[in-house]
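The next block holds one structure in the form of structure tokens; read it before the comments.
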Amino acid sequence: MKFVCTSLMIFLSICIYAQRELSMNEAEIKRELSMSETEGRTSNGVYRYFAKGESKPYTGVLTARYPNGKLESWQEYVDGQGHGKWINYYENGNIKEEGYYNRDRVEGPIKKYYPSGMLKSEGTYKDWRIWVGVWKYYDSQGNFEKTIDYGNKGSIEEVQAYFNRGDIPEWWYKRILRENGFM
């Protein structure tokens, strides 16, 4: 009986601690806007996003939605530039890819998923979607398929695909190539 009472007291103590309220210093509240509520413009030679009607570059979360109302993207911004976590979604609501911005450059760890939600690949980006280092690839059932090491210089295959589809302008594409030794 003593063991049961002691165990119950420990359990209740854990529950009470786990449900305590966060102080304002511990909680992080982020402003959230739809991309349609912002406008992009150059400020001090840097392209930044601003909430419409505001003069200060936007800090918070920017979202985009599919016509069905589900999230298409969720992106953290600081001082008008992508900085922090970003997530792109499939129209079915499953995560398509998740990674990080560093001053508007998609870089750092990245995970990509199949529409079913199964992990497709994971690796590291530098600059803007240049694959670097070791990447792991999985089949649609989540089984490991292969590893490819793109080295320190990396591969511009994904950057090239974005340019070919017209998703990034030529000046941006050429900057990425030039700054990363591909031109």
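Within each chain, counting starts at residue 1; across the structure tokens, chains are named A, B, ... in the order shown, with ligands numbered 1 upward in that order.
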
Stretch 17-172 of chain A: residues DSSP assigns to helix (DSSP H, G or I), reported as a PyMOL selection string: chain A and resi 17-18+35-37+157-165+170-172

Close residues, A:Glu72 itself excluded, 9 Å, only C-alpha atoms, min 2 positions apart in chain, as a VMD selection string: chain A and resid 63 to 66 69 to 70 74 87 to 91 93

Which residue of A:Lys146, A:Arg129, A:Arg178, A:Arg103 approaches A:Glu158 most closely, using only C-alpha atoms: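 Distance minimum relative to A:Glu158 lands on A:Arg129.
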
Within 7 Å of A:Glu76, counting only C-alpha atoms, which residues show up once you throw out same-chain ones fewer than 3 positions away? Write them as a PDB file with N, CA and C atoms, in the first residue's frame, please.
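That gives us part00.pdb:
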```
ATOM      1  N   GLY A  60       7.326  37.800 -37.894  1.00  0.00           N
ATOM      2  CA  GLY A  60       6.256  36.894 -37.489  1.00  0.00           C
ATOM      3  C   GLY A  60       6.197  35.717 -38.438  1.00  0.00           C
ATOM      4  N   VAL A  61       5.022  35.165 -38.607  1.00  0.00           N
ATOM      5  CA  VAL A  61       4.807  34.004 -39.468  1.00  0.00           C
ATOM      6  C   VAL A  61       3.983  34.427 -40.674  1.00  0.00           C
ATOM      7  N   LEU A  62       4.420  34.012 -41.858  1.00  0.00           N
ATOM      8  CA  LEU A  62       3.648  34.226 -43.079  1.00  0.00           C
ATOM      9  C   LEU A  62       3.099  32.884 -43.533  1.00  0.00           C
ATOM     10  N   GLY A  82      12.908  35.845 -44.633  1.00  0.00           N
ATOM     11  CA  GLY A  82      12.730  34.496 -44.119  1.00  0.00           C
ATOM     12  C   GLY A  82      13.871  34.170 -43.173  1.00  0.00           C
ATOM     13  N   HIS A  83      13.537  33.815 -41.941  1.00  0.00           N
ATOM     14  CA  HIS A  83      14.570  33.486 -40.963  1.00  0.00           C
ATOM     15  C   HIS A  83      13.920  32.612 -39.886  1.00  0.00           C
ATOM     16  N   GLY A  84      14.317  31.355 -39.844  1.00  0.00           N
ATOM     17  CA  GLY A  84      13.715  30.401 -38.916  1.00  0.00           C
ATOM     18  C   GLY A  84      13.110  29.238 -39.690  1.00  0.00           C
ATOM     19  N   LYS A  85      12.172  28.587 -39.088  1.00  0.00           N
ATOM     20  CA  LYS A  85      11.583  27.380 -39.666  1.00  0.00           C
ATOM     21  C   LYS A  85      10.589  27.716 -40.786  1.00  0.00           C
ATOM     22  N   TRP A  86      10.509  26.836 -41.772  1.00  0.00           N
ATOM     23  CA  TRP A  86       9.481  26.917 -42.806  1.00  0.00           C
ATOM     24  C   TRP A  86       8.977  25.513 -43.095  1.00  0.00           C
TER      25      TRP A  86
END
```

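You will find atom CA of A:Ile148 at 5.7 Å from atom CA of A:Val134.
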
Just want the 8 Å neighbourhood of A:Gly142, counted on only C-alpha atoms, with same-chain residues fewer than 6 positions away dropped. Output as an mmCIF file with C-alpha atoms, in the first residue's frame.
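Here's the written file around_0.cif:
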```
data_model
loop_
_atom_site.group_PDB
_atom_site.id
_atom_site.type_symbol
_atom_site.label_atom_id
_atom_site.label_comp_id
_atom_site.auth_asym_id
_atom_site.auth_seq_id
_atom_site.Cartn_x
_atom_site.Cartn_y
_atom_site.Cartn_z
ATOM 1 C CA MET A 118 6.273 9.010 -45.457
ATOM 2 C CA LEU A 119 9.816 10.423 -45.337
ATOM 3 C CA LYS A 120 11.255 10.766 -48.872
#
```
